Structures are given as structure tokens and as C-alpha cells.
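Reproduced below: query.cif, with mmCIF, C-alpha atoms.
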```cif
data_upload
#
loop_
_atom_site.label_atom_id
_atom_site.label_comp_id
_atom_site.auth_asym_id
_atom_site.auth_seq_id
_atom_site.Cartn_x
_atom_site.Cartn_y
_atom_site.Cartn_z
CA MET A 518 -8.08 8.18 -8.88
CA THR A 519 -10.94 8.31 -11.36
CA THR A 520 -14.09 6.20 -11.15
CA GLN A 521 -12.95 4.43 -14.33
CA GLU A 522 -9.64 3.47 -12.69
CA CYS A 523 -11.49 2.28 -9.60
CA VAL A 524 -13.95 0.14 -11.56
CA ALA A 525 -11.16 -1.35 -13.66
CA GLY A 526 -9.18 -2.23 -10.53
CA LEU A 527 -12.18 -3.72 -8.75
CA ALA A 528 -12.83 -6.00 -11.72
CA LYS A 529 -9.80 -8.00 -10.57
CA LYS A 530 -9.76 -7.46 -6.79
CA THR A 531 -12.04 -6.37 -3.97
CA PHE A 532 -9.68 -3.47 -3.18
CA CYS A 533 -7.87 -1.26 -5.71
CA ILE A 534 -4.52 0.44 -5.02
CA LYS A 535 -3.27 3.17 -7.34
CA SER A 536 -0.69 4.63 -4.97
CA ARG A 537 0.02 5.27 -1.31
CA TYR A 538 -2.41 8.18 -1.59
CA ALA A 539 -5.24 6.82 -3.78
CA VAL A 540 -7.23 3.64 -3.13
CA CYS A 541 -10.80 2.48 -3.59
CA SER A 542 -13.30 -0.18 -2.72
CA GLY A 543 -16.80 -0.85 -3.92
CA LYS A 544 -19.78 -3.15 -3.84
CA GLN A 545 -22.69 -4.13 -6.09
CA PHE A 546 -26.21 -4.25 -4.71
CA ASP A 547 -28.97 -6.25 -6.38
CA GLN A 548 -32.65 -6.37 -5.40
CA VAL A 549 -35.45 -8.70 -6.43
CA TRP A 550 -38.84 -7.06 -5.92
CA LEU A 551 -41.80 -9.11 -4.71
CA ARG A 552 -45.57 -8.88 -4.93
CA ASN A 553 -47.50 -11.31 -2.75
CA GLY A 554 -44.29 -13.25 -2.24
CA SER A 555 -43.57 -13.64 -5.98
CA PRO A 556 -40.79 -11.87 -7.91
CA VAL A 557 -42.06 -9.18 -10.30
CA GLY A 558 -38.95 -7.08 -11.04
CA THR A 559 -35.33 -6.28 -10.25
CA SER A 560 -33.04 -3.34 -9.59
CA HIS A 561 -29.32 -2.80 -9.23
CA PHE A 562 -26.80 -0.11 -8.24
CA ASP A 563 -23.11 0.15 -7.36
CA VAL A 564 -21.31 2.12 -4.67
CA LEU A 565 -17.67 3.21 -4.96
CA ALA A 566 -15.64 4.67 -2.11
CA ILE A 567 -12.47 6.37 -3.38
CA GLY A 568 -9.96 7.43 -0.74
CA THR A 569 -7.48 10.19 -1.57
CA ILE A 570 -4.89 12.19 0.36
CA PRO A 571 -3.18 15.42 -0.81
CA GLN A 572 0.60 15.57 -0.50
CA ASN A 573 1.82 16.34 3.03
CA SER A 574 -1.73 16.47 4.38
CA ARG A 575 -3.11 14.91 7.55
CA THR A 576 -6.62 14.81 6.06
CA ILE A 577 -8.01 11.80 4.21
CA THR A 578 -11.03 12.19 1.95
CA VAL A 579 -13.42 9.37 1.08
CA THR A 580 -15.59 10.23 -1.90
CA TYR A 581 -18.73 8.17 -2.47
CA TYR A 582 -20.10 7.53 -5.93
CA PHE A 583 -23.48 5.88 -6.58
CA THR A 584 -23.55 4.47 -10.12
CA ASP A 585 -25.01 1.95 -12.58
CA PHE A 586 -28.64 2.28 -11.52
CA THR A 587 -30.78 -0.18 -13.48
CA THR A 588 -34.31 -1.52 -13.12
CA ALA A 589 -36.46 -4.11 -14.87
CA LYS A 590 -40.22 -4.75 -14.84
CA GLU A 591 -42.22 -3.85 -11.71
CA ASN A 592 -40.23 -2.51 -8.76
CA GLY A 593 -40.22 -0.01 -5.93
CA ALA A 594 -36.62 1.10 -6.42
CA ALA A 595 -37.37 4.81 -6.89
CA TRP A 596 -38.60 5.11 -3.28
CA MET A 597 -36.14 2.72 -1.65
CA GLY A 598 -34.15 4.24 1.22
CA ILE A 599 -30.37 3.93 0.90
CA THR A 600 -28.46 4.73 4.08
CA THR A 601 -24.69 5.30 3.95
CA LYS A 602 -22.47 5.15 7.00
CA GLY A 603 -18.71 5.65 6.98
CA SER A 604 -16.84 5.19 10.23
CA VAL A 605 -13.58 4.23 11.90
CA THR A 606 -14.25 0.78 13.33
CA HIS A 607 -10.76 0.16 14.76
CA SER A 608 -7.99 2.52 15.80
CA TRP A 609 -4.44 2.07 17.08
CA PRO A 610 -4.05 3.57 19.59
CA SER A 611 -7.72 3.50 20.55
CA THR A 612 -7.40 6.90 22.24
CA ALA A 613 -6.68 8.79 18.99
CA ALA A 614 -9.19 11.58 18.32
CA TYR A 615 -10.58 12.01 14.79
CA THR A 616 -11.94 15.29 13.43
CA GLN A 617 -14.61 14.67 10.80
CA GLY A 618 -15.79 16.93 8.00
CA GLY A 619 -17.83 16.90 4.82
CA VAL A 620 -21.17 15.15 4.68
CA THR A 621 -22.55 13.75 7.93
CA MET A 622 -21.62 10.12 7.54
CA LEU A 623 -24.92 8.61 8.51
CA PHE A 624 -27.24 9.85 5.81
CA THR A 625 -30.21 8.45 3.96
CA ARG A 626 -31.25 9.23 0.41
CA THR A 627 -33.80 7.58 -1.82
CA TRP A 628 -32.81 5.86 -5.04
CA SER A 629 -34.34 8.82 -6.97
CA GLN A 630 -32.31 11.35 -4.96
CA LEU A 631 -29.04 9.50 -5.60
CA LEU A 632 -29.74 8.95 -9.29
CA GLY A 633 -27.51 11.45 -11.07
CA ALA A 634 -26.69 13.24 -7.80
CA ASP A 635 -23.38 14.83 -6.90
CA THR A 636 -20.77 12.85 -5.01
CA TYR A 637 -20.61 12.76 -1.22
CA GLN A 638 -17.35 13.35 0.64
CA HIS A 639 -16.30 12.42 4.15
CA THR A 640 -13.02 13.71 5.63
CA LEU A 641 -10.98 12.54 8.62
CA THR A 642 -8.10 14.44 10.22
CA VAL A 643 -5.92 13.33 13.12
CA ALA A 644 -3.62 15.73 14.96
CA ALA A 645 -0.02 14.68 15.52
CA GLY A 646 1.20 13.66 18.97
CA GLN A 647 -1.34 10.89 19.55
CA GLY A 648 0.65 8.02 18.09
CA SER A 649 1.58 4.57 19.29
CA ASP A 650 4.82 3.46 20.91
CA THR A 651 6.46 2.62 17.59
CA PRO A 652 10.08 3.66 18.30
CA LYS A 653 10.68 7.27 17.28
CA THR A 654 7.68 7.35 14.94
CA ASP A 655 4.39 9.02 15.90
CA LEU A 656 2.11 6.47 14.22
CA ILE A 657 -1.69 6.15 14.18
CA ALA A 658 -3.47 3.45 12.19
CA ALA A 659 -7.15 2.79 11.60
CA VAL A 660 -9.74 0.75 9.75
CA TYR A 661 -12.40 2.74 7.91
CA VAL A 662 -15.54 0.89 6.82
CA ALA A 663 -18.35 2.10 4.59
CA ASN A 664 -21.72 0.43 5.13
CA ILE A 665 -24.83 0.55 2.96
CA SER A 666 -28.23 -0.41 4.38
CA LEU A 667 -31.45 -0.55 2.39
CA LYS A 668 -35.14 -0.15 3.26
CA ALA A 669 -37.95 -1.09 0.91
CA PRO A 670 -40.79 1.45 0.56
CA PRO A 671 -44.27 0.70 2.00
CA ALA A 672 -46.26 -1.97 0.16
CA TRP A 673 -43.13 -3.44 -1.34
CA ALA A 674 -40.93 -6.33 -0.35
CA SER A 675 -37.50 -7.06 -1.73
CA GLU A 676 -35.01 -9.88 -1.37
CA PRO A 677 -32.22 -9.33 -0.51
CA ILE A 678 -32.64 -5.96 1.16
CA THR A 679 -29.85 -6.08 3.74
CA GLY A 680 -27.11 -4.02 2.07
CA GLY A 681 -23.61 -4.66 3.40
CA ASP A 682 -20.08 -3.38 4.00
CA LEU A 683 -17.68 -2.24 1.33
CA PHE A 684 -14.15 -3.59 1.70
CA MET A 685 -12.37 -1.57 4.36
CA LEU A 686 -9.94 1.33 3.72
CA PRO A 687 -6.74 1.45 5.86
CA PRO A 688 -5.74 5.06 6.70
CA ARG A 689 -2.56 5.86 8.59
CA TRP A 690 -0.98 8.99 10.05
CA ASP A 691 2.73 9.37 10.81
CA LYS A 692 5.29 11.90 11.97
CA ALA A 693 9.05 11.27 12.13
CA PRO A 694 12.19 13.37 11.57
CA TYR A 695 13.38 11.13 8.72
CA LEU A 696 10.13 11.51 6.73
CA PRO A 697 9.04 14.43 4.50
CA ASN A 698 7.09 17.24 6.17
CA ALA A 699 8.82 16.24 9.40
CA ALA A 700 7.35 19.04 11.51
CA ALA A 701 3.70 18.10 10.96
CA GLY A 702 3.74 14.58 9.51
CA ALA A 703 1.12 13.41 7.05
CA ALA A 704 -1.48 10.78 6.22
CA SER A 705 -1.23 7.89 3.79
CA TRP A 706 -2.92 4.56 3.16
CA ALA A 707 -1.29 1.57 4.85
CA VAL A 708 -0.59 -0.14 1.53
CA LEU A 709 2.39 -0.05 -0.81
CA THR A 710 3.03 -0.57 -4.50
CA PRO A 711 6.36 -2.24 -5.42
CA LEU A 712 9.66 -0.44 -5.89
CA GLN A 713 10.41 -0.77 -9.61
CA HIS A 714 13.83 -1.29 -11.18
CA SER A 715 14.34 -1.54 -14.94
CA THR A 716 16.71 -3.75 -16.91
CA ALA A 717 15.99 -1.84 -20.14
CA ALA A 718 18.95 -0.59 -22.16
CA GLY A 719 19.61 2.98 -21.08
CA ALA A 720 17.89 2.67 -17.70
CA PRO A 721 20.15 4.51 -15.20
CA GLU A 722 19.85 1.68 -12.63
CA ARG A 723 20.18 -1.13 -15.20
CA GLU A 724 23.13 -3.03 -13.61
CA VAL A 725 21.48 -2.88 -10.17
CA ALA A 726 18.25 -4.23 -11.69
CA LEU A 727 20.14 -7.04 -13.43
CA HIS A 728 21.83 -7.94 -10.15
CA ILE A 729 18.51 -8.15 -8.31
CA GLN A 730 16.97 -10.10 -11.17
CA LYS A 731 19.78 -12.66 -10.97
CA ALA A 732 19.47 -12.82 -7.18
CA PHE A 733 15.77 -13.65 -7.54
CA ALA A 734 16.08 -16.11 -10.42
CA THR A 735 19.31 -17.97 -9.58
CA PRO A 736 20.30 -17.10 -6.00
CA GLY A 737 22.69 -20.06 -5.84
CA MET A 738 24.83 -18.44 -8.54
CA THR A 739 25.41 -15.26 -6.53
CA GLN A 740 28.11 -14.44 -4.00
CA PRO A 741 28.70 -15.28 -1.23
CA PRO A 742 27.96 -18.97 -1.92
CA MET A 743 25.13 -20.51 0.07
CA ALA A 744 23.28 -23.74 -0.71
CA ARG A 745 19.86 -22.66 0.59
CA LYS A 746 19.97 -19.02 -0.45
CA ASP A 747 16.46 -17.60 -0.85
CA LEU A 748 16.35 -13.82 -0.96
CA PRO A 749 13.35 -11.82 0.25
CA GLY A 750 11.68 -9.00 -1.62
CA LYS A 751 10.55 -10.68 -4.85
CA GLY A 752 7.00 -10.55 -3.50
CA PRO A 753 5.09 -9.39 -0.43
CA ASP A 754 6.02 -12.48 1.59
CA PRO A 755 8.78 -12.44 2.62
CA ALA A 756 9.28 -8.76 1.94
CA LEU A 757 11.80 -6.05 2.81
CA THR A 758 11.55 -3.59 5.70
CA ARG A 759 13.27 -0.24 6.12
CA LEU A 760 16.18 0.11 8.54
CA CYS A 761 16.66 3.76 9.46
CA TRP A 762 17.48 4.39 13.11
CA ASP A 763 20.05 1.69 13.86
CA THR A 764 23.09 3.19 12.15
CA LYS A 765 25.40 0.63 13.79
CA ARG A 766 23.48 -2.19 12.12
CA ARG A 767 23.51 -0.36 8.79
CA ASP A 768 27.28 0.13 9.00
CA LEU A 769 27.76 -3.55 9.85
CA THR A 770 25.66 -4.57 6.85
CA ARG A 771 27.49 -2.26 4.48
CA ASN A 772 30.95 -3.28 5.71
CA ARG A 773 30.07 -6.97 5.37
CA SER A 774 28.91 -6.41 1.81
CA VAL A 775 32.10 -4.56 0.83
CA TYR A 776 34.22 -7.27 2.48
CA ASN A 777 32.46 -9.96 0.42
CA CYS A 778 32.86 -8.00 -2.81
CA GLY A 779 36.61 -7.91 -2.16
CA LYS A 780 36.71 -11.57 -1.18
CA TYR A 781 34.90 -12.94 -4.24
CA PHE A 782 35.67 -10.35 -6.94
CA GLY A 783 39.15 -9.23 -5.91
CA GLU A 784 40.32 -6.38 -3.72
CA ASP A 785 40.67 -4.24 -6.86
CA TYR A 786 37.05 -4.82 -7.98
CA ALA A 787 36.40 -1.07 -7.99
CA THR A 788 38.90 -0.49 -10.85
CA SER A 789 39.65 -3.91 -12.41
CA ALA A 790 36.94 -3.61 -15.08
CA GLY A 791 38.55 -0.49 -16.56
CA TYR A 792 35.82 1.81 -15.25
CA ALA A 793 34.66 2.83 -11.78
CA ARG A 794 32.59 0.24 -9.95
CA GLU A 795 30.99 0.03 -6.53
CA CYS A 796 29.78 -2.88 -4.43
CA ASP A 797 26.05 -3.36 -4.83
CA GLU A 798 24.34 -5.41 -2.14
CA TYR A 799 20.94 -7.07 -2.11
CA PRO A 800 18.99 -6.86 0.11
CA MET A 801 19.98 -3.23 0.49
CA ALA A 802 21.94 -2.01 3.50
CA SER A 803 19.00 0.22 4.45
CA THR A 804 16.81 -2.84 5.12
CA TYR A 805 16.61 -5.17 8.12
CA GLU A 806 17.10 -8.09 5.73
CA GLY A 807 20.56 -6.95 4.58
CA ALA A 808 23.89 -8.74 5.07
CA GLY A 809 23.88 -8.18 8.84
CA HIS A 810 20.49 -9.84 9.39
CA SER A 811 21.86 -13.06 10.92
CA ASP A 812 23.73 -11.12 13.63
CA TYR A 813 20.42 -9.87 14.99
CA ASP A 814 17.98 -12.68 14.18
CA PRO A 815 18.91 -16.25 15.24
CA LEU A 816 16.51 -17.65 12.64
CA ALA A 817 18.20 -15.82 9.75
CA GLU A 818 20.71 -17.76 7.66
CA PRO A 819 24.24 -16.27 7.45
CA GLY A 820 25.13 -15.52 3.87
CA ASN A 821 21.56 -15.05 2.68
CA PHE A 822 22.44 -11.97 0.64
CA SER A 823 24.12 -11.15 -2.66
CA VAL A 824 26.93 -8.77 -3.63
CA LEU A 825 28.16 -7.73 -7.07
CA PRO A 826 30.40 -4.95 -8.39
CA VAL A 827 28.37 -2.69 -10.70
CA LYS A 828 28.99 0.57 -12.49
CA LYS A 829 29.32 3.44 -10.05
CA GLU A 830 26.71 5.46 -11.95
CA ASP A 831 24.17 2.60 -11.90
CA ASN A 832 24.73 1.99 -8.21
CA GLY A 833 24.15 5.68 -7.52
CA ALA A 834 20.98 5.68 -9.62
CA GLY A 835 19.69 2.64 -7.72
CA GLY A 836 20.35 4.42 -4.44
CA ILE A 837 18.48 7.50 -5.62
CA LEU A 838 15.50 5.38 -6.67
CA LEU A 839 15.40 3.74 -3.25
CA ALA A 840 15.65 7.05 -1.39
CA GLN A 841 12.88 8.53 -3.53
CA PHE A 842 10.72 5.46 -2.90
CA TYR A 843 11.19 5.83 0.85
CA ASP A 844 10.30 9.54 0.78
CA LYS A 845 7.46 9.39 -1.73
CA ASN A 846 5.76 6.54 0.12
CA ARG A 847 6.58 7.71 3.66
CA VAL A 848 8.11 4.31 4.43
CA ILE A 849 8.71 4.01 8.16
CA ASP A 850 11.40 2.13 10.04
CA GLY A 851 10.40 -1.38 11.07
CA PRO A 852 7.93 -4.10 10.09
CA ASP A 853 4.84 -1.99 9.44
CA ASP A 854 5.86 -1.00 5.91
CA ALA A 855 6.95 -4.19 4.15
CA PHE A 856 7.79 -3.65 0.48
CA TRP A 857 9.15 -5.62 -2.46
CA ILE A 858 10.95 -5.12 -5.78
CA GLU A 859 9.42 -5.40 -9.24
CA ILE A 860 11.89 -5.85 -12.13
CA THR A 861 10.69 -4.40 -15.44
CA SER A 862 12.29 -4.41 -18.87
#
```

Starting from the file, lay out its structure as C-alpha cells.
Amino acid sequence: MTTQECVAGLAKKTFCIKSRYAVCSGKQFDQVWLRNGSPVGTSHFDVLAIGTIPQNSRTITVTYYFTDFTTAKENGAAWMGITTKGSVTHSWPSTAAYTQGGVTMLFTRTWSQLLGADTYQHTLTVAAGQGSDTPKTDLIAAVYVANISLKAPPAWASEPITGGDLFMLPPRWDKAPYLPNAAAGAASWAVLTPLQHSTAAGAPEREVALHIQKAFATPGMTQPPMARKDLPGKGPDPALTRLCWDTKRRDLTRNRSVYNCGKYFGEDYATSAGYARECDEYPMASTYEGAGHSDYDPLAEPGNFSVLPVKKEDNGAGGILLAQFYDKNRVIDGPDDAFWIEITS
């Protein structure tokens, strides 16, 4: 992630997500300088903290950028002390040990020293085998907070001069046999961007995308019929969650979907259109929210899913997209990695 991408993202939100492996936060700091209790000048600077993770690495890197230094009239900015502290404030489990590298993350520089200076990097690495009790997944999660504190030089007063925290960064480390780099695991940020499906002419997954689009827009017109059908996954709440380990539940979901395709589109749905079709289900069989959800959750409504015969090639392309999304984003089994679908054209 570049500083330009970070700044553009922070113009809309307090936290910018480019991918599972590149995020940033930032904060603006303004000072009003005083003489004998009266304002005589101002100064300003920004701090960006960009978090990146190389592929299949257990090391996160937070790079600090100090930018947009400006002053006006009389001020003591050049000699102001700026102290930066980056630290893990919360950890799950709390016993996880973190190996730190890069710049010592409690350092003080003056405004003049930071003006035009190189960036500062802080790294954190966590060894595998320290994870929580998440079933069959060695998972460690943390909250990383960058803090800036300011100190006016002698003979100067400034208001405000307190500094503050940048919005937190959420690192995570995992290791599981169903994830890439299974032997060592890897780090990521505990945030996700949507899984995208395209309805554009020529898109390999087009019929799957059209099915999901219909399920979102007019769920009552999908099969099986259900008066209060409201499908998850069109946004982060309610979202979808990956079902990996419980193969019995996955088989139940898939069999129920195929049964409903035959019931509502004819037993010969696979060939009746004159070309090969397969039963596409939404939510997908590899999610907890699929057709078998109501068998396991008493609050789930039976029939709150959609099935539709689609071209075999499109169904296969949709499955490949989903599998790639799971792998690329290291999506783990269970509720910790909720995701949603974005339909593009």
C-alpha cells in the first residue's frame, strides 16, 4: 500500500483496507502556539501507520510516515518532541509471545529530525503453536495501537499538546492444515474485503452471479418458496462464515440443495435446457449458512436458501472463485472470518 492509497482511503474512513495483507490508519495533529497565554502561531503534521504482510509470512510490518508538516507565524514546532510508541495492547491468548524487530518502538524525535526523514518500521513475529482453542486452528489475534505524544520546547506553550492514538491495527496469526503454507501458517490482518462475482457478459461465473443477485434483490422469487426469505451475505451483517471441518454438515447441505433443484426444476434439470447444468446453491454449501443451517441452529428458518440450475461451466467457475477467495484470504472455519458477496457488472 502506498501513502497515496492510504491517504485516499482515510479521507473516507478512520481505517483503510486494501487487502487482507495491507491496511493503514492515521491521525492529524494540530498545535496552536502561545506566548503569555495568547495564540501567536500554528503548526500541523500527519502520521500514517501502514501495516503490510508478505505472502506466507508470520511477520507483520508497521511502517510509520510523518508527513504534511506546516507552520504559520511564530511557533516552537522545530524543537517540539514527538514520541512514537507502537505496541500490542490486547492479545488472544494473552500468553502469546511476540518477537519485535526494526526501530525500538518507543522513540522520540524532534519535528526538525522527522521533517523529510526516512520512514520507521516496527515488526512483530509470533511463532506457531501458541494459539487459542479455536477447533483445529492455531489462532492468535491481537490489537496493535500506535500512540503519538508531544512535548513543547522550553519557553513555549501549545494547545493542544496531548497527541493521541491512531486507529488500531488488528493483526492475526493462523496455522491449519486446510490453509496455504500449512506447515508454518502465516499472518494476516483480521479484516476482509468482499468476494466479488460479475454479471458482465463473458464473465466465467456470470450465471452464478445472476443467481446471487436475484437472491439478494427478490428472495421471494427464488426456490424453495418461503414468505420471509432473507438471505445473508449481501453485506457484513448478517454475513457468511466458512464451513470446513464438518463434512457431514456440508454433505447434508449439498444433498438438500440438489433435492430442491429436482423438486422445483424437474428431475432432469441437468439436461433439460439442452446443455449441461448443475445445481447452484446460495448460500454456498461450504458455509454455515447453507441449506442445512436450520438443522443445526433452532433460530434459523428452514428454507432460507436459494437453488437454481446454471451452466455447468459457470458453476465450476463460481466454485473456483470461492476456493481462491478462501485460500488467498486465509479464511478460517467458523465465525471469526465473516465475509460477504459483492456483485459487479

Discussion item. Taking the file as I've supplied it (selection: the PyMOL selection byres ((chain A and resi 826) around 10)), which residues are included? Please answer as a list in words.
Written reply: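 After applying the PyMOL selection byres ((chain A and resi 826) around 10), what remains is Glu724, Val725, His728, Val775, Cys778, Gly779, Phe782, Tyr786, Ala787, Thr788, Ala790, Ala793, Arg794, Glu795, Cys796, Asp797, Glu798, Val824, Leu825, Val827, Lys828, Lys829 and Asn832 of chain A.
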
Discussion item. Would you compute the distance between atom CA of A:Gly598 and atom CA of A:Thr640? Give it in Å to one decimal.
Written reply: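 That distance, rounded to one decimal, is 23.6 Å.
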
Discussion item. Using only C-alpha atoms, can you tell me which of A:Pro711, A:Ser705, A:Lys544, A:Glu830 comes closest to A:Tyr792?
Written reply: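 Answer, going by the shortest atom-to-atom distance: A:Glu830.
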
Discussion item. Here is a test: counting all atoms listed in the file, which residue of A:Pro697, A:Gly719, A:Pro741, A:Gly603 is nearest to A:Lys780?
Written reply: A:Pro741

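The space separating atom CA of A:Val579 from atom CA of A:Asp853 comes to 23.1 Å.
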
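Straight-line separation from atom CA of A:Met743 to atom CA of A:Ile858: 21.7 Å.
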
Worksheet item: How would you write, as a ChimeraX atom specification, the residues chosen by the PyMOL selection byres ((chain A and resi 753) around 10) on this structure?
Response: /A:709-711,749-752,754-757,855-858

Item to complete: Name every residue that the PyMOL selection byres ((chain A and resi 675) around 10) selects in this structure, writing the answer as a ChimeraX atom specification with chains first and numbers rising.
Response: /A:547-552,554-560,592-594,597,667-670,673-674,676-679

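For the choices A:Gly820, A:Ser862, A:Ser536, A:Ala613, the atom-to-atom distance to A:Lys845 is smallest for A:Ser536 when using all atoms listed in the file.
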
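Using all atoms listed in the file for every distance, the candidate list A:Ser774, A:Asp747, A:Lys692, A:Gly543 yields A:Gly543 as the residue closest to A:Val662.
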
Discussion item. Counting only C-alpha atoms, I want the residues whose atoms come within 7 Å of (-6.8, 6.4, 10.3) in the file frame, returned as number ranges by chain.
Written reply: A: 608, 657-660, 687-690

Residues from the last selection, C-alpha atoms, saved as a short mmCIF file (atom, residue, chain, number, x, y, z; two decimals), in the coordinates of the input:
```
data_model
loop_
_atom_site.label_atom_id
_atom_site.label_comp_id
_atom_site.auth_asym_id
_atom_site.auth_seq_id
_atom_site.Cartn_x
_atom_site.Cartn_y
_atom_site.Cartn_z
CA SER A 608 -7.99 2.52 15.80
CA ILE A 657 -1.69 6.15 14.18
CA ALA A 658 -3.47 3.45 12.19
CA ALA A 659 -7.15 2.79 11.60
CA VAL A 660 -9.74 0.75 9.75
CA PRO A 687 -6.74 1.45 5.86
CA PRO A 688 -5.74 5.06 6.70
CA ARG A 689 -2.56 5.86 8.59
CA TRP A 690 -0.98 8.99 10.05
#
```

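Of the listed residues A:Asn664, A:Gln841, A:Thr770, A:Thr636, the one whose atoms come nearest to A:Thr580 is A:Thr636, with distances taken using all atoms listed in the file.
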
Fill in: Residue among A:Ser611, A:Gln617, A:Thr716, A:Gln740 lying closest to A:Gly648, counting all atoms listed in the file
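Checking each candidate against A:Gly648, we get A:Ser611 as the closest.
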
Would you give the centre and edge lengths, in Å to one decimal, of a box along x, y and z around the listed atoms of stretch 611-618 of chain A, with 6 Å added to each side, as JSON?
```
{"center_x": -11.2, "center_y": 10.2, "center_z": 15.1, "size_x": 21.1, "size_y": 25.4, "size_z": 26.2}
```

Practice prompt. List the neighbours of stretch 799-811 of chain A out to 8 Å using all atoms listed in the file; skip same-chain residues closer than 2 positions along the sequence, and give me the result as an MDAnalysis selection string.
Written response: chainID A and resid 729 732 748:750 757:761 766:771 773:774 797 813:824 851

Worksheet item: Got a sec: who's within 7 Å of A:Trp596, counting all atoms listed in the file, leaving out chain neighbours fewer than 4 positions off, as an MDAnalysis selection string?
Response: chainID A and resid 627:629 670

Complete the atoms of stretch 593-601 of chain A to all heavy atoms and put them out as an mmCIF file, keeping the file's coordinate frame.
```cif
data_model
loop_
_atom_site.group_PDB
_atom_site.id
_atom_site.type_symbol
_atom_site.label_atom_id
_atom_site.label_comp_id
_atom_site.auth_asym_id
_atom_site.auth_seq_id
_atom_site.Cartn_x
_atom_site.Cartn_y
_atom_site.Cartn_z
ATOM 1 N N GLY A 593 -40.062 -1.198 -6.770
ATOM 2 C CA GLY A 593 -40.220 -0.010 -5.930
ATOM 3 C C GLY A 593 -38.917 0.728 -5.706
ATOM 4 O O GLY A 593 -38.766 1.446 -4.713
ATOM 5 N N ALA A 594 -37.969 0.563 -6.619
ATOM 6 C CA ALA A 594 -36.620 1.100 -6.420
ATOM 7 C C ALA A 594 -36.612 2.611 -6.208
ATOM 8 O O ALA A 594 -35.847 3.123 -5.391
ATOM 9 C CB ALA A 594 -35.741 0.727 -7.608
ATOM 10 N N ALA A 595 -37.423 3.345 -6.937
ATOM 11 C CA ALA A 595 -37.370 4.810 -6.890
ATOM 12 C C ALA A 595 -37.564 5.345 -5.475
ATOM 13 O O ALA A 595 -37.037 6.401 -5.121
ATOM 14 C CB ALA A 595 -38.413 5.389 -7.834
ATOM 15 N N TRP A 596 -38.297 4.622 -4.631
ATOM 16 C CA TRP A 596 -38.600 5.110 -3.280
ATOM 17 C C TRP A 596 -37.820 4.357 -2.200
ATOM 18 O O TRP A 596 -38.058 4.557 -1.018
ATOM 19 C CB TRP A 596 -40.105 4.966 -3.028
ATOM 20 C CG TRP A 596 -40.913 5.658 -4.092
ATOM 21 C CD1 TRP A 596 -41.209 6.982 -4.183
ATOM 22 C CD2 TRP A 596 -41.494 5.041 -5.228
ATOM 23 N NE1 TRP A 596 -41.939 7.241 -5.304
ATOM 24 C CE2 TRP A 596 -42.133 6.056 -5.989
ATOM 25 C CE3 TRP A 596 -41.529 3.723 -5.722
ATOM 26 C CZ2 TRP A 596 -42.806 5.806 -7.175
ATOM 27 C CZ3 TRP A 596 -42.201 3.473 -6.909
ATOM 28 C CH2 TRP A 596 -42.832 4.505 -7.619
ATOM 29 N N MET A 597 -36.923 3.481 -2.618
ATOM 30 C CA MET A 597 -36.140 2.720 -1.650
ATOM 31 C C MET A 597 -35.187 3.638 -0.898
ATOM 32 O O MET A 597 -34.515 4.485 -1.484
ATOM 33 C CB MET A 597 -35.350 1.612 -2.371
ATOM 34 C CG MET A 597 -34.451 0.785 -1.449
ATOM 35 S SD MET A 597 -33.696 -0.633 -2.321
ATOM 36 C CE MET A 597 -32.737 0.212 -3.581
ATOM 37 N N GLY A 598 -35.088 3.466 0.420
ATOM 38 C CA GLY A 598 -34.150 4.240 1.220
ATOM 39 C C GLY A 598 -32.766 3.601 1.207
ATOM 40 O O GLY A 598 -32.633 2.394 1.416
ATOM 41 N N ILE A 599 -31.753 4.406 0.933
ATOM 42 C CA ILE A 599 -30.370 3.930 0.900
ATOM 43 C C ILE A 599 -29.582 4.732 1.933
ATOM 44 O O ILE A 599 -29.381 5.942 1.781
ATOM 45 C CB ILE A 599 -29.748 4.108 -0.499
ATOM 46 C CG1 ILE A 599 -30.572 3.348 -1.545
ATOM 47 C CG2 ILE A 599 -28.301 3.636 -0.504
ATOM 48 C CD1 ILE A 599 -30.115 3.580 -2.975
ATOM 49 N N THR A 600 -29.168 4.064 2.995
ATOM 50 C CA THR A 600 -28.460 4.730 4.080
ATOM 51 C C THR A 600 -26.964 4.413 4.004
ATOM 52 O O THR A 600 -26.577 3.244 3.894
ATOM 53 C CB THR A 600 -28.994 4.286 5.455
ATOM 54 O OG1 THR A 600 -30.380 4.643 5.547
ATOM 55 C CG2 THR A 600 -28.233 4.961 6.591
ATOM 56 N N THR A 601 -26.140 5.438 4.032
ATOM 57 C CA THR A 601 -24.690 5.300 3.950
ATOM 58 C C THR A 601 -24.064 5.705 5.275
ATOM 59 O O THR A 601 -24.395 6.753 5.834
ATOM 60 C CB THR A 601 -24.118 6.194 2.822
ATOM 61 O OG1 THR A 601 -24.782 5.886 1.599
ATOM 62 C CG2 THR A 601 -22.627 5.977 2.668
#
```
